[in-house]
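entry.pdb follows; it contains PDB, C-alpha atoms, pLDDT in the B column.
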```pdb
ATOM      1  CA  GLN A   1      74.319-147.675  89.492  1.00 52.00           C
ATOM      2  CA  GLN A   2      73.572-144.664  91.618  1.00 60.00           C
ATOM      3  CA  GLN A   3      72.819-146.049  95.034  1.00 90.00           C
ATOM      4  CA  VAL A   4      71.913-142.737  96.658  1.00 96.00           C
ATOM      5  CA  LYS A   5      69.771-140.274  94.739  1.00 97.00           C
ATOM      6  CA  GLN A   6      69.637-136.682  95.974  1.00 98.00           C
ATOM      7  CA  SER A   7      67.313-133.841  95.024  1.00 96.00           C
ATOM      8  CA  PRO A   8      67.115-131.051  94.202  1.00 97.00           C
ATOM      9  CA  GLN A   9      70.434-130.243  92.555  1.00 97.00           C
ATOM     10  CA  SER A  10      70.085-126.616  93.565  1.00 98.00           C
ATOM     11  CA  LEU A  11      67.819-124.748  95.938  1.00 98.00           C
ATOM     12  CA  ILE A  12      67.190-121.102  96.689  1.00 98.00           C
ATOM     13  CA  VAL A  13      65.503-120.221  99.980  1.00 98.00           C
ATOM     14  CA  GLN A  14      64.730-116.920 101.588  1.00 98.00           C
ATOM     15  CA  LYS A  15      66.368-116.074 104.900  1.00 98.00           C
ATOM     16  CA  GLY A  16      64.300-117.475 107.732  1.00 98.00           C
ATOM     17  CA  GLY A  17      62.679-120.107 105.564  1.00 98.00           C
ATOM     18  CA  ILE A  18      62.928-123.903 105.681  1.00 98.00           C
ATOM     19  CA  SER A  19      65.368-125.674 103.379  1.00 98.00           C
ATOM     20  CA  ILE A  20      64.475-129.262 102.505  1.00 98.00           C
ATOM     21  CA  ILE A  21      66.770-131.712 100.729  1.00 98.00           C
ATOM     22  CA  ASN A  22      65.695-135.242  99.914  1.00 98.00           C
ATOM     23  CA  CYS A  23      67.577-138.494  99.399  1.00 98.00           C
ATOM     24  CA  ALA A  24      66.594-142.016  98.444  1.00 98.00           C
ATOM     25  CA  TYR A  25      68.648-145.151  98.651  1.00 96.00           C
ATOM     26  CA  GLU A  26      68.469-148.622  97.156  1.00 93.00           C
ATOM     27  CA  ASN A  27      70.775-150.808  99.194  1.00 93.00           C
ATOM     28  CA  THR A  28      68.879-152.252 102.160  1.00 92.00           C
ATOM     29  CA  ALA A  29      72.193-153.064 103.847  1.00 91.00           C
ATOM     30  CA  PHE A  30      72.744-149.364 104.522  1.00 93.00           C
ATOM     31  CA  ASP A  31      72.360-148.667 108.224  1.00 92.00           C
ATOM     32  CA  TYR A  32      73.940-145.276 108.831  1.00 94.00           C
ATOM     33  CA  PHE A  33      72.956-142.047 107.067  1.00 96.00           C
ATOM     34  CA  PRO A  34      75.026-138.890 107.575  1.00 96.00           C
ATOM     35  CA  TRP A  35      74.673-135.458 106.044  1.00 98.00           C
ATOM     36  CA  TYR A  36      77.676-133.351 105.151  1.00 98.00           C
ATOM     37  CA  GLN A  37      78.063-129.634 104.483  1.00 98.00           C
ATOM     38  CA  GLN A  38      80.773-128.404 102.150  1.00 98.00           C
ATOM     39  CA  PHE A  39      81.955-124.851 101.540  1.00 97.00           C
ATOM     40  CA  PRO A  40      84.038-123.990  98.455  1.00 95.00           C
ATOM     41  CA  GLY A  41      87.648-125.083  98.837  1.00 94.00           C
ATOM     42  CA  LYS A  42      86.936-127.050 102.009  1.00 95.00           C
ATOM     43  CA  GLY A  43      86.415-130.671 102.876  1.00 97.00           C
ATOM     44  CA  PRO A  44      82.955-132.025 103.697  1.00 97.00           C
ATOM     45  CA  ALA A  45      82.007-131.442 107.337  1.00 97.00           C
ATOM     46  CA  LEU A  46      79.679-133.795 109.191  1.00 95.00           C
ATOM     47  CA  LEU A  47      76.407-132.086 110.133  1.00 96.00           C
ATOM     48  CA  ILE A  48      74.137-134.737 111.534  1.00 96.00           C
ATOM     49  CA  ALA A  49      73.551-138.461 111.121  1.00 95.00           C
ATOM     50  CA  ILE A  50      70.784-140.978 111.744  1.00 95.00           C
ATOM     51  CA  ARG A  51      70.330-144.728 112.060  1.00 93.00           C
ATOM     52  CA  PRO A  52      67.227-146.503 110.694  1.00 90.00           C
ATOM     53  CA  ASP A  53      65.893-147.393 114.125  1.00 91.00           C
ATOM     54  CA  VAL A  54      64.640-143.821 114.609  1.00 93.00           C
ATOM     55  CA  SER A  55      62.403-141.752 112.363  1.00 94.00           C
ATOM     56  CA  GLU A  56      63.739-138.332 113.253  1.00 96.00           C
ATOM     57  CA  LYS A  57      66.792-136.688 114.740  1.00 96.00           C
ATOM     58  CA  LYS A  58      67.176-133.032 115.547  1.00 97.00           C
ATOM     59  CA  GLU A  59      70.281-131.024 116.315  1.00 96.00           C
ATOM     60  CA  GLY A  60      69.740-127.310 116.607  1.00 96.00           C
ATOM     61  CA  ARG A  61      68.230-126.013 113.375  1.00 97.00           C
ATOM     62  CA  PHE A  62      69.006-129.255 111.515  1.00 97.00           C
ATOM     63  CA  THR A  63      66.594-132.197 111.437  1.00 97.00           C
ATOM     64  CA  ILE A  64      66.817-135.532 109.629  1.00 97.00           C
ATOM     65  CA  SER A  65      63.584-137.337 108.837  1.00 96.00           C
ATOM     66  CA  PHE A  66      63.897-141.015 107.970  1.00 96.00           C
ATOM     67  CA  ASN A  67      61.387-143.321 106.282  1.00 95.00           C
ATOM     68  CA  LYS A  68      62.727-146.860 106.325  1.00 94.00           C
ATOM     69  CA  SER A  69      59.891-148.454 104.354  1.00 94.00           C
ATOM     70  CA  ALA A  70      60.220-145.918 101.564  1.00 95.00           C
ATOM     71  CA  LYS A  71      64.027-145.944 101.778  1.00 95.00           C
ATOM     72  CA  GLN A  72      64.071-142.181 101.919  1.00 97.00           C
ATOM     73  CA  PHE A  73      65.542-139.587 104.221  1.00 97.00           C
ATOM     74  CA  SER A  74      65.621-135.819 104.213  1.00 98.00           C
ATOM     75  CA  LEU A  75      67.398-132.864 105.774  1.00 98.00           C
ATOM     76  CA  HIS A  76      65.426-129.894 107.033  1.00 98.00           C
ATOM     77  CA  ILE A  77      67.187-126.653 107.874  1.00 98.00           C
ATOM     78  CA  MET A  78      64.938-124.434 109.943  1.00 98.00           C
ATOM     79  CA  ASP A  79      65.293-120.653 110.032  1.00 98.00           C
ATOM     80  CA  SER A  80      67.786-120.804 107.151  1.00 98.00           C
ATOM     81  CA  GLN A  81      70.563-118.211 107.292  1.00 97.00           C
ATOM     82  CA  PRO A  82      72.911-116.827 104.621  1.00 97.00           C
ATOM     83  CA  GLY A  83      75.762-118.649 106.382  1.00 97.00           C
ATOM     84  CA  ASP A  84      74.014-121.915 105.552  1.00 98.00           C
ATOM     85  CA  SER A  85      74.709-121.313 101.856  1.00 98.00           C
ATOM     86  CA  ALA A  86      76.834-124.313 100.874  1.00 98.00           C
ATOM     87  CA  THR A  87      76.651-127.653  99.126  1.00 98.00           C
ATOM     88  CA  TYR A  88      74.970-130.422 101.103  1.00 98.00           C
ATOM     89  CA  PHE A  89      75.575-134.114 100.577  1.00 98.00           C
ATOM     90  CA  CYS A  90      73.597-137.022 101.894  1.00 98.00           C
ATOM     91  CA  ALA A  91      75.436-140.289 102.312  1.00 97.00           C
ATOM     92  CA  ALA A  92      74.848-143.855 103.336  1.00 96.00           C
ATOM     93  CA  THR A  93      76.940-146.730 104.536  1.00 94.00           C
ATOM     94  CA  SER A  94      76.711-150.154 106.113  1.00 90.00           C
ATOM     95  CA  GLY A  95      78.484-151.835 108.981  1.00 82.00           C
ATOM     96  CA  GLY A  96      77.038-149.351 111.433  1.00 76.00           C
ATOM     97  CA  GLY A  97      79.036-146.595 109.811  1.00 74.00           C
ATOM     98  CA  ALA A  98      82.335-148.436 109.655  1.00 81.00           C
ATOM     99  CA  ASP A  99      82.332-148.904 105.889  1.00 89.00           C
ATOM    100  CA  GLY A 100      83.004-146.359 103.177  1.00 93.00           C
ATOM    101  CA  LEU A 101      80.355-143.766 102.375  1.00 95.00           C
ATOM    102  CA  THR A 102      78.215-143.690  99.252  1.00 96.00           C
ATOM    103  CA  PHE A 103      77.325-140.077  98.531  1.00 97.00           C
ATOM    104  CA  GLY A 104      74.472-138.385  96.751  1.00 97.00           C
ATOM    105  CA  LYS A 105      75.352-135.904  94.011  1.00 96.00           C
ATOM    106  CA  GLY A 106      74.912-132.884  96.267  1.00 97.00           C
ATOM    107  CA  THR A 107      72.547-129.908  96.584  1.00 98.00           C
ATOM    108  CA  HIS A 108      73.806-126.376  96.103  1.00 98.00           C
ATOM    109  CA  LEU A 109      71.856-124.301  98.620  1.00 98.00           C
ATOM    110  CA  ILE A 110      71.643-120.527  98.430  1.00 98.00           C
ATOM    111  CA  ILE A 111      69.989-118.558 101.211  1.00 98.00           C
ATOM    112  CA  GLN A 112      68.939-115.136 100.029  1.00 97.00           C
ATOM    113  CA  PRO A 113      69.092-112.315 102.604  1.00 91.00           C
TER     114      PRO A 113
ATOM    115  CA  ASP B   1      92.846-131.582 117.849  1.00 63.00           C
ATOM    116  CA  ALA B   2      94.463-130.762 114.496  1.00 82.00           C
ATOM    117  CA  GLY B   3      91.979-132.762 112.481  1.00 95.00           C
ATOM    118  CA  VAL B   4      92.894-134.757 109.395  1.00 97.00           C
ATOM    119  CA  ILE B   5      95.992-133.354 107.726  1.00 97.00           C
ATOM    120  CA  GLN B   6      96.621-133.694 104.002  1.00 98.00           C
ATOM    121  CA  SER B   7      99.577-132.665 101.904  1.00 97.00           C
ATOM    122  CA  PRO B   8     100.187-131.143  99.524  1.00 98.00           C
ATOM    123  CA  ARG B   9      97.096-128.928  99.310  1.00 97.00           C
ATOM    124  CA  HIS B  10      97.678-128.324  95.620  1.00 98.00           C
ATOM    125  CA  GLU B  11      99.621-130.358  93.108  1.00 98.00           C
ATOM    126  CA  VAL B  12     100.190-129.579  89.463  1.00 98.00           C
ATOM    127  CA  THR B  13     102.015-132.174  87.432  1.00 97.00           C
ATOM    128  CA  GLU B  14     102.500-133.282  83.873  1.00 97.00           C
ATOM    129  CA  MET B  15     100.959-136.365  82.376  1.00 97.00           C
ATOM    130  CA  GLY B  16     103.085-139.434  82.993  1.00 97.00           C
ATOM    131  CA  GLN B  17     104.576-138.213  86.238  1.00 97.00           C
ATOM    132  CA  GLU B  18     104.190-139.969  89.573  1.00 97.00           C
ATOM    133  CA  VAL B  19     102.047-138.253  92.167  1.00 98.00           C
ATOM    134  CA  THR B  20     101.980-139.025  95.884  1.00 98.00           C
ATOM    135  CA  LEU B  21      99.300-137.664  98.171  1.00 98.00           C
ATOM    136  CA  ARG B  22      99.716-137.863 101.929  1.00 98.00           C
ATOM    137  CA  CYS B  23      97.349-138.090 104.867  1.00 98.00           C
ATOM    138  CA  LYS B  24      97.672-138.008 108.632  1.00 98.00           C
ATOM    139  CA  PRO B  25      94.465-139.179 110.327  1.00 97.00           C
ATOM    140  CA  ILE B  26      93.114-137.944 113.628  1.00 96.00           C
ATOM    141  CA  SER B  27      95.028-139.529 116.480  1.00 95.00           C
ATOM    142  CA  GLY B  28      93.200-142.545 117.875  1.00 94.00           C
ATOM    143  CA  HIS B  29      91.092-143.162 114.789  1.00 95.00           C
ATOM    144  CA  ASN B  30      91.448-146.676 113.432  1.00 93.00           C
ATOM    145  CA  SER B  31      89.811-146.288 110.015  1.00 95.00           C
ATOM    146  CA  LEU B  32      91.088-144.225 107.103  1.00 97.00           C
ATOM    147  CA  PHE B  33      89.316-143.501 103.841  1.00 97.00           C
ATOM    148  CA  TRP B  34      90.398-141.998 100.516  1.00 98.00           C
ATOM    149  CA  TYR B  35      87.762-140.254  98.384  1.00 98.00           C
ATOM    150  CA  ARG B  36      87.888-138.403  95.079  1.00 98.00           C
ATOM    151  CA  GLN B  37      85.633-135.494  94.108  1.00 98.00           C
ATOM    152  CA  THR B  38      84.951-134.388  90.543  1.00 96.00           C
ATOM    153  CA  MET B  39      82.156-132.394  88.982  1.00 93.00           C
ATOM    154  CA  MET B  40      81.124-135.326  86.821  1.00 92.00           C
ATOM    155  CA  ARG B  41      81.226-138.148  89.357  1.00 92.00           C
ATOM    156  CA  GLY B  42      80.798-136.325  92.652  1.00 94.00           C
ATOM    157  CA  LEU B  43      82.341-137.809  95.783  1.00 97.00           C
ATOM    158  CA  GLU B  44      83.403-141.413  95.383  1.00 96.00           C
ATOM    159  CA  LEU B  45      85.181-143.836  97.676  1.00 96.00           C
ATOM    160  CA  LEU B  46      88.507-145.118  96.397  1.00 97.00           C
ATOM    161  CA  ILE B  47      89.773-147.309  99.234  1.00 97.00           C
ATOM    162  CA  TYR B  48      89.599-147.630 102.981  1.00 96.00           C
ATOM    163  CA  PHE B  49      91.719-149.142 105.727  1.00 96.00           C
ATOM    164  CA  ASN B  50      90.841-150.512 109.125  1.00 94.00           C
ATOM    165  CA  ASN B  51      93.689-150.854 111.617  1.00 94.00           C
ATOM    166  CA  ASN B  52      96.134-150.192 108.755  1.00 95.00           C
ATOM    167  CA  VAL B  53      94.758-153.082 106.670  1.00 95.00           C
ATOM    168  CA  PRO B  54      93.071-152.372 103.300  1.00 95.00           C
ATOM    169  CA  ILE B  55      89.460-153.521 103.536  1.00 94.00           C
ATOM    170  CA  ASP B  56      87.875-152.429 100.277  1.00 92.00           C
ATOM    171  CA  ASP B  57      89.784-151.160  97.240  1.00 93.00           C
ATOM    172  CA  SER B  58      87.029-151.761  94.714  1.00 92.00           C
ATOM    173  CA  GLY B  59      86.781-148.036  94.059  1.00 92.00           C
ATOM    174  CA  MET B  60      90.380-147.695  92.912  1.00 95.00           C
ATOM    175  CA  PRO B  61      89.934-146.856  89.241  1.00 87.00           C
ATOM    176  CA  GLU B  62      92.971-148.558  87.755  1.00 86.00           C
ATOM    177  CA  ASP B  63      96.233-150.262  88.557  1.00 91.00           C
ATOM    178  CA  ARG B  64      97.864-146.868  88.217  1.00 95.00           C
ATOM    179  CA  PHE B  65      96.421-146.087  91.649  1.00 97.00           C
ATOM    180  CA  SER B  66      97.849-147.566  94.826  1.00 97.00           C
ATOM    181  CA  ALA B  67      97.446-146.777  98.508  1.00 98.00           C
ATOM    182  CA  LYS B  68      99.384-147.734 101.589  1.00 97.00           C
ATOM    183  CA  MET B  69      99.049-147.283 105.309  1.00 97.00           C
ATOM    184  CA  PRO B  70     102.375-148.269 106.889  1.00 96.00           C
ATOM    185  CA  ASN B  71     101.276-147.173 110.369  1.00 94.00           C
ATOM    186  CA  ALA B  72      98.315-145.740 112.243  1.00 94.00           C
ATOM    187  CA  SER B  73      99.343-142.140 111.639  1.00 95.00           C
ATOM    188  CA  PHE B  74     100.173-142.044 107.950  1.00 96.00           C
ATOM    189  CA  SER B  75      98.764-143.059 104.590  1.00 98.00           C
ATOM    190  CA  THR B  76      99.685-142.378 100.979  1.00 98.00           C
ATOM    191  CA  LEU B  77      97.787-142.479  97.717  1.00 98.00           C
ATOM    192  CA  LYS B  78     100.016-142.829  94.691  1.00 98.00           C
ATOM    193  CA  ILE B  79      99.192-142.386  91.017  1.00 97.00           C
ATOM    194  CA  GLN B  80     101.759-143.675  88.548  1.00 97.00           C
ATOM    195  CA  PRO B  81     101.667-142.657  85.754  1.00 96.00           C
ATOM    196  CA  SER B  82      99.261-139.765  86.134  1.00 97.00           C
ATOM    197  CA  GLU B  83      96.790-138.791  83.404  1.00 97.00           C
ATOM    198  CA  PRO B  84      94.730-135.627  82.814  1.00 97.00           C
ATOM    199  CA  ARG B  85      91.539-137.479  83.767  1.00 96.00           C
ATOM    200  CA  ASP B  86      92.980-137.975  87.266  1.00 97.00           C
ATOM    201  CA  SER B  87      92.533-134.249  87.890  1.00 98.00           C
ATOM    202  CA  ALA B  88      90.264-133.966  90.918  1.00 98.00           C
ATOM    203  CA  VAL B  89      90.196-133.119  94.593  1.00 98.00           C
ATOM    204  CA  TYR B  90      91.335-136.048  96.702  1.00 98.00           C
ATOM    205  CA  PHE B  91      90.076-136.257 100.271  1.00 98.00           C
ATOM    206  CA  CYS B  92      91.274-138.328 103.149  1.00 98.00           C
ATOM    207  CA  ALA B  93      88.901-139.043 106.042  1.00 97.00           C
ATOM    208  CA  SER B  94      89.329-140.849 109.321  1.00 96.00           C
ATOM    209  CA  SER B  95      86.931-142.459 111.742  1.00 94.00           C
ATOM    210  CA  GLY B  96      87.081-143.768 115.263  1.00 90.00           C
ATOM    211  CA  ARG B  97      83.659-145.408 115.333  1.00 84.00           C
ATOM    212  CA  ASN B  98      81.148-144.345 112.719  1.00 85.00           C
ATOM    213  CA  GLU B  99      81.599-140.603 112.134  1.00 91.00           C
ATOM    214  CA  GLN B 100      83.999-139.817 109.312  1.00 94.00           C
ATOM    215  CA  TYR B 101      85.971-136.578 109.496  1.00 95.00           C
ATOM    216  CA  PHE B 102      87.410-135.196 106.291  1.00 97.00           C
ATOM    217  CA  GLY B 103      90.652-133.405 105.632  1.00 97.00           C
ATOM    218  CA  PRO B 104      90.904-130.242 103.524  1.00 97.00           C
ATOM    219  CA  GLY B 105      91.754-132.179 100.391  1.00 98.00           C
ATOM    220  CA  THR B 106      94.482-132.116  97.763  1.00 98.00           C
ATOM    221  CA  ARG B 107      93.583-130.445  94.488  1.00 98.00           C
ATOM    222  CA  LEU B 108      95.413-132.368  91.751  1.00 98.00           C
ATOM    223  CA  THR B 109      95.819-130.968  88.272  1.00 98.00           C
ATOM    224  CA  VAL B 110      97.445-133.144  85.621  1.00 98.00           C
ATOM    225  CA  THR B 111      98.341-131.290  82.425  1.00 97.00           C
TER     226      THR B 111
END
```
Translate this file's structure into structure tokens.
Amino acid sequence: QQQVKQSPQSLIVQKGGISIINCAYENTAFDYFPWYQQFPGKGPALLIAIRPDVSEKKEGRFTISFNKSAKQFSLHIMDSQPGDSATYFCAATSGGGADGLTFGKGTHLIIQP
Amino acid sequence: DAGVIQSPRHEVTEMGQEVTLRCKPISGHNSLFWYRQTMMRGLELLIYFNNNVPIDDSGMPEDRFSAKMPNASFSTLKIQPSEPRDSAVYFCASSGRNEQYFGPGTRLTVT
């Protein structure tokens, strides 16, 4: 049972454009939703995270939108740059973030110059 | 801060051999997680510890896998005997509150 569904699998965006990655979850016990960025040969790096008591969180060019009733959340990367080319993972966990993460399958993002 | 430290970074072994992966969490973090990443299954949680105590090992695939955390600064993941299907990148992560920070991973190849 895939508890976190992520789409699209791959995404190509022009430099300066907006990259949008979507995730949906099933487990209503999830209460902490982080996004990770992974470059080849590296470990996942935490980008930004949100709790279900807010609908949006912004950090620099990265924004998470959260829809609790639909059990969906998304990552928006504004003014996408070639350096943003990486694989992005959404994740979810319970216990306020203290439990293990359940990851989506990942989105391979390519920003074309 | 040195971040999460994992060793070795690469391990190549033959089927049937014992493999031990090591992790040093970020100082002061009280939770430690082991994940495995493969193309087929993505990133999946194997086991995690809180204050050196195993909390959830439901992700450990078989009895061939075992993990220990003898103290707050060290954990091991052991596979005995190893099989080709264990080939993957194994990540250790640590957390102080809710943000998990990942190490660079150990790429395991079992031939």
Self-check item: Distance criterion (all atoms listed in the file): nearest to chain A out of B:Ala72, B:Val110, B:Met60, B:Leu45
Solution: B:Leu45
Could you expand the PyMOL selection byres ((chain B and resi 53) around 12) into the explicit residues it covers here, written as a compact mmCIF listing (two decimals) with C-alpha atoms, in the frame of the given file?
```txt
# COMPACT_ATOMS: atom_id res chain seq x y z
CA ASN B 30 91.45 -146.68 113.43
CA SER B 31 89.81 -146.29 110.02
CA LEU B 32 91.09 -144.22 107.10
CA PHE B 33 89.32 -143.50 103.84
CA ILE B 47 89.77 -147.31 99.23
CA TYR B 48 89.60 -147.63 102.98
CA PHE B 49 91.72 -149.14 105.73
CA ASN B 50 90.84 -150.51 109.12
CA ASN B 51 93.69 -150.85 111.62
CA ASN B 52 96.13 -150.19 108.76
CA PRO B 54 93.07 -152.37 103.30
CA ILE B 55 89.46 -153.52 103.54
CA ASP B 56 87.88 -152.43 100.28
CA ASP B 57 89.78 -151.16 97.24
CA ALA B 67 97.45 -146.78 98.51
CA LYS B 68 99.38 -147.73 101.59
CA MET B 69 99.05 -147.28 105.31
CA PRO B 70 102.38 -148.27 106.89
CA ASN B 71 101.28 -147.17 110.37
CA ALA B 72 98.32 -145.74 112.24
CA SER B 75 98.76 -143.06 104.59
```
Quiz item: Near range 91-106 of chain A, within 8 Å and counting only C-alpha atoms, which residues show up once chain neighbours fewer than 2 positions away are dropped, as a PyMOL selection string?
Solution: (chain A and resi 3-7+9+23+25+29-36+87-89+108) or (chain B and resi 31+33+41-45+47-48+95+97-99)
Quiz item: Any idea what's packed within 9 Å of range 76-88 of chain B, counting only C-alpha atoms, ignoring anything in its chain fewer than 6 positions away? Could you give it as a VMD selection string?
Solution: chain B and resid 13 to 23 34 36 to 39 63 to 70 106 to 111
Quiz item: Exactly which residues make up the result of the PyMOL selection byres ((chain A and resi 19) around 7) on this file, given as a ChimeraX atom specification?
Solution: /A:13,17-18,20-21,76-78,80
